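Undergrad: Just passing along the structure, written as structure tokens.
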Amino acid sequence: MATIELRKVYKTFGNIDVVKGLDLVIPDGQFTVLVGPSGCGKTTTLRMIAGLETVNSGEIIIGGKVVTKLEPKDRDIAMVFQNYALYSHLTVADNIGFPLKAIKFNKSEIKTRVLGVAQSLGIQELLDRRPKELSGGQQQRVAIGRAIIRSPKVFLFDEPLSNLDAKLRLEMRTEIIRLQRRLGTTVVYVTHDQEEAMTLSDVMVVMKDGVIMQMGKPEEIYRKPKDVFVAGFVGSPRMNLMSGKAKSGLFTTESGCQFKIDSSINGEIIWGIRPEDVKILNTKPDAPQAKVEIIEQLGPRAIVTLQVNEQQITAVVDNDHLQKIDNRSDIVIDSSVEDHHYFDAKNGLRLIDN
Amino acid sequence: MYEGVQMSLRLRLMLPLVVVFSASVGYPLLHAFYLSLTNYKITSRGDTKIVWLQQYIATLQDPNYWSSLRVTAVFVILAVFIEFWLGLFVALALQKQRKIKDLTRSFLLAPMFVTPIAIGLMFRFILNQQLGVIPTFLAKFGLAYDFFGPGKALFTIVLIDVWQWTPFMVLLLLAGLEGLSKSPFEAAKIDGASALFTFRKITLPMLMPVISVAILIRSLDAMKIFEYVFAITRGGPAIETMTIQYYTYQTGIQFYRLGLASAMSYLMLIIVMIIAVILFRRVEATRKNQ
Amino acid sequence: MSTNHLFRARLTWTNLGNGLLVLMGLSVVLPFFWLILGSFKTGAQLNDPTLLLFNPTLENWNEIFRSGVLESTWRSAMVAFITVIFSIIIGSMGAYAISRYRSGGNVARFSILAAQVLPPAVLVFPFLEISYQLRLNDTVFAVLVPHLSFVLPVVTWFLIGFFDAVPREVEEQALVDGLSRIQALRKVVIPQVSPGIGAAAIFGFVLSWNDLFYALILAPGNSATLPVKIASFNTFRGVELGAMCAAILVAVVPVLFMSFFIQKRLVRGISGGAIKY
């Protein structure tokens, strides 16, 4: 249980600045997710916290102790890698007990603890097997077991679910959340999947090009993205983002499409509206005409791609509503001003707090 | 990545290697160069003078030296060529095997593990004109073939090398074949490609990196050929099987002229290095194409 | 009709392949068979190479055991064993550093490769001269160091390939789990490369065991290793031909036994990592 602080941390590989002056406080006992596209520096940050990468400048502090120059083994952390990194020459029991053996616990103590951990993860039957005999999900649990057995201050996860099939991934997500709630340990979790980040995190840190774009509760980031990048990155299907001019309550896209917006906005902007906030109606005066191009069924809902005057707009629609609008040529789209997001066209920053 | 603190560990790990390597390879290499600049003879210790490049010039003017280079070149090209093709087909046949795989493989790979001098003597035994079983056998059919006679001896030596070292080719090529992914072959089957077509257009190109490495290793090895010549022909008839390593051995050990022999072997080293670099570039090129 | 054609075509390729294997198998077995026959023949019997039924004699075998073949075998084994042990220990340390830390960069890798390619004729003369000066000529030690000169690079090269194949994460996991770097190397990395170490050791052992060139020049007499001893039976007097057969068999038979156990490991080991240049 510990707070992690990164102060002005820089990391350079060759000529490339991978992490640029990072200031980050990871709160104690919470599930923090570092998320972002490839190359944003999230994995490098995680590895620096672990001590697997050195720090070019800056400090890393775990639980009040400066660990910047310490070896991984002296930081009281545990880590789960993407491909689990199980020791193929050892049994499951030896894998789980490995960290305790490293700090010279006695054999019977190790055996008891291993059994306890295995039972809590439901893998006590597998203790005598070797990693290559296990399924992906089982290997995952062994890796987690190995991580929790020492009760470290911090858990670090490096995209641990990427190698699992979709169904298993969802199951493991729930398990990981339960685990963290039960143990109350500080977790730092890295993923490139924004959906995973949204579901898992208490605190979400969106990174790009080595800097933090936005940090906060997932709902906040979803509802009020600070800039265009975060707005487009978080949320699936992706937010509709259009460039154009705003004047006197009307937004005109480059292709000539017009939408009603908040009258206080003026100038060159990027307008964003989430697909779930796009309403499709039979008819409404002054609303832009739309034509249905593609429908992707999700079960209860569908993703509908619409063509509005050469502008492509994505919407998410309930299936009952879909039946009313499909194959009609006179549908229009609409949206509420509270659901709009406005960004400055030059620097991409959020304009008003609606 | 691993900086600073790791330095002393790195040094400690590398040090023994560097020391032993320098002592067993580096120093002798330099000393050999020194010797090649002298007129050192084992019999005349204490009388050694530095004669600079005289030994090199003598070597380059020696027609026997050039002849031995030619003999070695012919040998290597013939032997590796045969070993490659034979080895490839054997590897393909072995790959298809389902039953008694291990037994067959241990049989066929056995020759490469036996000390070459024994193999040389063995073939001397069975191919000898008077007392060898094969000429006697052939004679029963009226065929007279003098295996180690003029015009034939070098080719017989090639065949001995093929006998012993084709298994090595098989080993490397088999390992390469078994490492190829199955999907392109399955796709070809679905597309209806014939066995020959699949072989030419898929197997061979995908195997290229392994083939290049195998040919590289075997060729460099074949250049060192000595044992068969020492066991059977001693360079003869005349100088037909006088390979470069044997000629150097003769100069240095039978005629005691270590200085001259060192020059000869250094020249050979340069040739080998050039060939090695050329072949190595080939290997890299095939790897990049993958 | 068309299925018949397919069936015949498939049969032909596999048949050809199997036929080839049989031919190769025969070509391997028959010479040995003749050697075995010859080793039990007297001088007179050897005059007829195709003689199959005869009264065998043990005189040839007695002679070679009297002549010190067993001592030579022992010397070969010692030299090979020591060479391999040294090479594996020193080689794996260096291979790990070269693989993980890129120690020595391209120079190191190239030197190791170049050392395997050196013609023995280059190094043997300095070794000879030095062994004379140190009064170590014709001893086992005079053969040991030269053997290191070609076994150590080969073993190290193999091992670099195998270390390259161990995923970095397994090592990093060990560090996070509480081991220091040296401990992680010993307890996690080395076990992962152990099949490769086995293959490299076998390869190195065979290389040293089979060497004639260095041993012939540096220890030709009293400290002869097995290949040199066998060469000394090279003769063409019918009386001694039988002994020569027996001597060859002494070199061959143990290898045939080993070959069965070696080949599986070797193929696995080589395709595991060493093929990657």
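Within each chain, counting starts at residue 1; across the structure tokens, chains are named A, B, ... in the order shown, with ligands numbered 1 upward in that order.
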Pick out each residue of segment 96-161 of chain A that DSSP on the backbone tags as strand (DSSP E or B); I need them as a list of chain:residue names.
TA: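 Filtering segment 96-161 of chain A down to strand (DSSP E or B) leaves A:Val154, A:Phe155, A:Leu156, A:Phe157, A:Asp158.
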Undergrad: List the neighbours of segment 301-311 of chain A out to 9 Å using only C-alpha atoms; skip same-chain residues closer than 6 positions along the sequence, and give me the result as a short mmCIF file (atom, residue, chain, number, x, y, z; two decimals) with N, CA and C atoms, in the first residue's frame.
TA:
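Writing done, so here's part_1.cif:
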data_model
loop_
_atom_site.label_atom_id
_atom_site.label_comp_id
_atom_site.auth_asym_id
_atom_site.auth_seq_id
_atom_site.Cartn_x
_atom_site.Cartn_y
_atom_site.Cartn_z
N PRO A 237 -18.01 3.58 -30.11
CA PRO A 237 -17.26 4.05 -31.27
C PRO A 237 -16.72 5.48 -31.07
N MET A 242 -15.47 17.13 -36.21
CA MET A 242 -15.53 17.83 -37.50
C MET A 242 -14.88 19.20 -37.37
N THR A 253 -19.49 23.05 -41.54
CA THR A 253 -18.30 22.23 -41.82
C THR A 253 -17.70 22.65 -43.14
N SER A 255 -17.48 20.98 -45.66
CA SER A 255 -18.27 20.52 -46.81
C SER A 255 -19.60 21.24 -46.92
N GLY A 256 -19.84 22.16 -46.03
CA GLY A 256 -21.05 22.96 -46.17
C GLY A 256 -22.22 22.53 -45.30
N CYS A 257 -21.99 21.53 -44.49
CA CYS A 257 -23.05 21.05 -43.61
C CYS A 257 -23.26 22.03 -42.46
N PRO A 275 -21.21 9.34 -30.78
CA PRO A 275 -22.23 8.62 -31.55
C PRO A 275 -23.48 8.33 -30.71
N PRO A 288 -30.25 18.91 -40.34
CA PRO A 288 -29.60 18.41 -41.57
C PRO A 288 -30.13 17.04 -41.97
N GLN A 289 -30.32 16.89 -43.28
CA GLN A 289 -30.82 15.63 -43.82
C GLN A 289 -29.73 14.56 -43.78
N ALA A 290 -30.18 13.32 -43.55
CA ALA A 290 -29.18 12.25 -43.44
C ALA A 290 -29.63 11.03 -44.23
N LYS A 291 -28.64 10.25 -44.64
CA LYS A 291 -28.93 9.01 -45.36
C LYS A 291 -28.14 7.88 -44.71
N VAL A 292 -28.81 6.76 -44.50
CA VAL A 292 -28.13 5.63 -43.84
C VAL A 292 -27.21 4.92 -44.83
N GLU A 293 -25.96 4.79 -44.47
CA GLU A 293 -25.00 4.12 -45.34
C GLU A 293 -24.74 2.67 -44.91
N ILE A 294 -24.27 2.51 -43.67
CA ILE A 294 -23.89 1.18 -43.19
C ILE A 294 -24.50 0.95 -41.81
N ILE A 295 -24.99 -0.27 -41.59
CA ILE A 295 -25.48 -0.61 -40.26
C ILE A 295 -24.67 -1.77 -39.71
N VAL A 317 -27.65 3.48 -32.21
CA VAL A 317 -29.12 3.55 -32.17
C VAL A 317 -29.67 2.26 -31.59
N ASP A 318 -30.75 2.36 -30.76
CA ASP A 318 -31.46 1.18 -30.29
C ASP A 318 -32.12 0.49 -31.47
N ASN A 319 -32.22 -0.81 -31.40
CA ASN A 319 -32.77 -1.53 -32.54
C ASN A 319 -34.23 -1.23 -32.83
N ASP A 320 -35.02 -0.95 -31.79
CA ASP A 320 -36.43 -0.61 -32.09
C ASP A 320 -36.46 0.68 -32.88
N LEU A 322 -34.18 1.81 -34.72
CA LEU A 322 -33.58 1.59 -36.02
C LEU A 322 -34.64 1.19 -37.04
N VAL A 332 -33.48 12.92 -40.41
CA VAL A 332 -32.57 14.00 -40.08
C VAL A 332 -31.84 13.64 -38.78
N ILE A 333 -30.74 14.34 -38.53
CA ILE A 333 -30.07 14.11 -37.26
C ILE A 333 -30.17 15.34 -36.39
#
Undergrad: Return as a PDB file with N, CA and C atoms, in the first residue's frame the residues belonging to chain C that are within 6 Å of chain B, counting only C-alpha atoms.
TA:
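For reference, out10.pdb as written:
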ATOM      1  N   GLY C  17      12.152 -41.270 -52.134  1.00  0.00           N
ATOM      2  CA  GLY C  17      12.761 -40.817 -50.885  1.00  0.00           C
ATOM      3  C   GLY C  17      13.205 -41.989 -50.032  1.00  0.00           C
ATOM      4  N   ASN C  47      44.166 -61.307 -47.624  1.00  0.00           N
ATOM      5  CA  ASN C  47      44.491 -61.238 -49.031  1.00  0.00           C
ATOM      6  C   ASN C  47      43.281 -61.426 -49.910  1.00  0.00           C
ATOM      7  N   PRO C  49      39.712 -60.161 -50.038  1.00  0.00           N
ATOM      8  CA  PRO C  49      38.779 -59.227 -49.403  1.00  0.00           C
ATOM      9  C   PRO C  49      37.349 -59.733 -49.348  1.00  0.00           C
ATOM     10  N   THR C  50      36.963 -60.597 -50.269  1.00  0.00           N
ATOM     11  CA  THR C  50      35.562 -60.975 -50.281  1.00  0.00           C
ATOM     12  C   THR C  50      35.288 -62.218 -49.457  1.00  0.00           C
ATOM     13  N   ILE C  90      33.385 -20.587 -19.444  1.00  0.00           N
ATOM     14  CA  ILE C  90      33.828 -19.265 -19.904  1.00  0.00           C
ATOM     15  C   ILE C  90      32.915 -18.767 -21.016  1.00  0.00           C
ATOM     16  N   MET C  93      29.413 -17.457 -19.829  1.00  0.00           N
ATOM     17  CA  MET C  93      29.494 -16.132 -19.190  1.00  0.00           C
ATOM     18  C   MET C  93      29.586 -15.044 -20.244  1.00  0.00           C
ATOM     19  N   GLY C  94      30.527 -15.235 -21.164  1.00  0.00           N
ATOM     20  CA  GLY C  94      30.715 -14.231 -22.213  1.00  0.00           C
ATOM     21  C   GLY C  94      29.516 -14.152 -23.136  1.00  0.00           C
ATOM     22  N   ALA C  97      26.829 -12.049 -21.649  1.00  0.00           N
ATOM     23  CA  ALA C  97      27.119 -10.614 -21.709  1.00  0.00           C
ATOM     24  C   ALA C  97      26.938 -10.094 -23.133  1.00  0.00           C
ATOM     25  N   ALA C 121      46.294 -24.608 -39.811  1.00  0.00           N
ATOM     26  CA  ALA C 121      47.687 -24.479 -40.228  1.00  0.00           C
ATOM     27  C   ALA C 121      48.295 -23.168 -39.764  1.00  0.00           C
ATOM     28  N   VAL C 122      47.463 -22.156 -39.541  1.00  0.00           N
ATOM     29  CA  VAL C 122      48.010 -20.867 -39.127  1.00  0.00           C
ATOM     30  C   VAL C 122      48.506 -20.925 -37.691  1.00  0.00           C
ATOM     31  N   LEU C 123      47.687 -21.480 -36.795  1.00  0.00           N
ATOM     32  CA  LEU C 123      48.006 -21.420 -35.373  1.00  0.00           C
ATOM     33  C   LEU C 123      48.958 -22.518 -34.921  1.00  0.00           C
ATOM     34  N   PRO C 126      52.981 -21.592 -34.361  1.00  0.00           N
ATOM     35  CA  PRO C 126      53.337 -20.902 -33.109  1.00  0.00           C
ATOM     36  C   PRO C 126      53.172 -21.820 -31.901  1.00  0.00           C
ATOM     37  N   SER C 149      41.369 -23.241 -28.679  1.00  0.00           N
ATOM     38  CA  SER C 149      41.330 -22.194 -29.699  1.00  0.00           C
ATOM     39  C   SER C 149      40.223 -22.404 -30.713  1.00  0.00           C
ATOM     40  N   ASN C 210      37.798 -35.588 -32.111  1.00  0.00           N
ATOM     41  CA  ASN C 210      38.154 -36.012 -33.470  1.00  0.00           C
ATOM     42  C   ASN C 210      39.396 -35.334 -34.040  1.00  0.00           C
ATOM     43  N   ILE C 248      40.516 -48.715 -36.287  1.00  0.00           N
ATOM     44  CA  ILE C 248      39.457 -47.846 -36.796  1.00  0.00           C
ATOM     45  C   ILE C 248      38.164 -48.086 -36.030  1.00  0.00           C
ATOM     46  N   VAL C 252      35.284 -45.850 -34.080  1.00  0.00           N
ATOM     47  CA  VAL C 252      33.952 -45.774 -34.670  1.00  0.00           C
ATOM     48  C   VAL C 252      32.842 -46.254 -33.747  1.00  0.00           C
ATOM     49  N   LEU C 256      29.072 -44.622 -32.779  1.00  0.00           N
ATOM     50  CA  LEU C 256      27.786 -45.128 -33.260  1.00  0.00           C
ATOM     51  C   LEU C 256      26.783 -45.225 -32.126  1.00  0.00           C
ATOM     52  N   SER C 259      25.762 -41.689 -31.180  1.00  0.00           N
ATOM     53  CA  SER C 259      25.003 -41.011 -32.218  1.00  0.00           C
ATOM     54  C   SER C 259      23.513 -41.137 -31.995  1.00  0.00           C
ATOM     55  N   PHE C 260      23.088 -42.287 -31.519  1.00  0.00           N
ATOM     56  CA  PHE C 260      21.660 -42.484 -31.304  1.00  0.00           C
ATOM     57  C   PHE C 260      21.118 -41.486 -30.300  1.00  0.00           C
ATOM     58  N   GLN C 263      21.627 -37.411 -31.662  1.00  0.00           N
ATOM     59  CA  GLN C 263      21.030 -36.739 -32.813  1.00  0.00           C
ATOM     60  C   GLN C 263      19.762 -35.980 -32.461  1.00  0.00           C
ATOM     61  N   VAL C 267      19.511 -31.937 -33.134  1.00  0.00           N
ATOM     62  CA  VAL C 267      18.562 -31.289 -34.045  1.00  0.00           C
ATOM     63  C   VAL C 267      17.736 -30.265 -33.284  1.00  0.00           C
ATOM     64  N   SER C 271      18.099 -26.287 -34.139  1.00  0.00           N
ATOM     65  CA  SER C 271      16.974 -25.491 -34.634  1.00  0.00           C
ATOM     66  C   SER C 271      16.507 -24.532 -33.561  1.00  0.00           C
TER      67      SER C 271
END
Undergrad: Counting only C-alpha atoms, give me one row per residue of chain A with an atom at most 6 Å from an atom of chain C, showing the shortest contact pair and its distance in Å to one decimal, sorted by chain then residue number, as JSON lines.
TA:
{"residue": "A:Pro72", "atom": "CA", "partner": "C:Val176", "partner_atom": "CA", "distance": 5.1}
{"residue": "A:Lys73", "atom": "CA", "partner": "C:Gly178", "partner_atom": "CA", "distance": 4.1}
{"residue": "A:Ala85", "atom": "CA", "partner": "C:Val170", "partner_atom": "CA", "distance": 4.7}
{"residue": "A:Pro99", "atom": "CA", "partner": "C:Asp177", "partner_atom": "CA", "distance": 4.7}
{"residue": "A:Ala102", "atom": "CA", "partner": "C:Gly178", "partner_atom": "CA", "distance": 5.7}
Undergrad: Could you please determine the separation between atom CA of Leu207 of chain C and atom CA of Pro146 of chain C in Å, to one decimal place?
TA: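 If I compute the distance from atom CA of Leu207 of chain C to atom CA of Pro146 of chain C, I get 12.0 Å.
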Undergrad: Output as an MDAnalysis selection string the set of chain A residues within 12 Å of chain B, with distances taken over only C-alpha atoms.
TA: chainID A and resid 11:14 44 47:48 51:56 69:71
Undergrad: Any chance you can output those residues with C-alpha atoms as a compact mmCIF listing (two decimals), in the first residue's frame?
TA:
# COMPACT_ATOMS: atom_id res chain seq x y z
CA LYS A 11 13.71 9.07 -20.32
CA THR A 12 15.57 9.12 -23.60
CA PHE A 13 16.40 6.18 -25.86
CA GLY A 14 19.12 7.20 -28.25
CA THR A 44 8.44 2.88 -20.31
CA ARG A 47 9.24 -0.10 -16.31
CA MET A 48 10.89 2.89 -14.69
CA GLY A 51 13.37 -0.36 -11.94
CA LEU A 52 13.80 -2.22 -15.22
CA GLU A 53 14.71 1.01 -16.99
CA THR A 54 17.00 3.64 -15.57
CA VAL A 55 15.83 7.23 -15.29
CA ASN A 56 17.70 9.92 -17.21
CA LYS A 69 18.51 4.22 -8.05
CA LEU A 70 17.33 1.02 -6.40
CA GLU A 71 17.29 -2.41 -8.04
Undergrad: Excluding Gln194 of chain A and residues on its chain fewer than 4 positions from it, collect all residues at most 8 Å away from it, counting only C-alpha atoms, and give them as a list in words.
TA: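 Listing them by chain and then by number gives Val35, Gly36, Met198, Phe233, Val234 and Gly235 of chain A.
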Undergrad: Would you mind exporting N, CA and C atoms of the selected residues as an mmCIF file, in the first residue's frame?
TA:
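Contents of again24.cif, freshly written:
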data_model
loop_
_atom_site.group_PDB
_atom_site.id
_atom_site.type_symbol
_atom_site.label_atom_id
_atom_site.label_comp_id
_atom_site.auth_asym_id
_atom_site.auth_seq_id
_atom_site.Cartn_x
_atom_site.Cartn_y
_atom_site.Cartn_z
ATOM 1 N N VAL A 35 -2.999 4.747 -20.051
ATOM 2 C CA VAL A 35 -3.507 4.317 -21.345
ATOM 3 C C VAL A 35 -3.071 5.294 -22.424
ATOM 4 N N GLY A 36 -2.917 4.785 -23.637
ATOM 5 C CA GLY A 36 -2.508 5.658 -24.725
ATOM 6 C C GLY A 36 -2.086 4.820 -25.911
ATOM 7 N N MET A 198 -11.218 2.218 -19.191
ATOM 8 C CA MET A 198 -12.439 2.772 -18.608
ATOM 9 C C MET A 198 -13.035 1.824 -17.569
ATOM 10 N N PHE A 233 -9.751 9.567 -28.455
ATOM 11 C CA PHE A 233 -9.158 8.312 -28.012
ATOM 12 C C PHE A 233 -10.101 7.522 -27.109
ATOM 13 N N VAL A 234 -10.776 8.247 -26.221
ATOM 14 C CA VAL A 234 -11.631 7.579 -25.242
ATOM 15 C C VAL A 234 -13.052 7.499 -25.761
ATOM 16 N N GLY A 235 -13.634 6.318 -25.673
ATOM 17 C CA GLY A 235 -15.016 6.177 -26.135
ATOM 18 C C GLY A 235 -15.069 5.391 -27.427
#
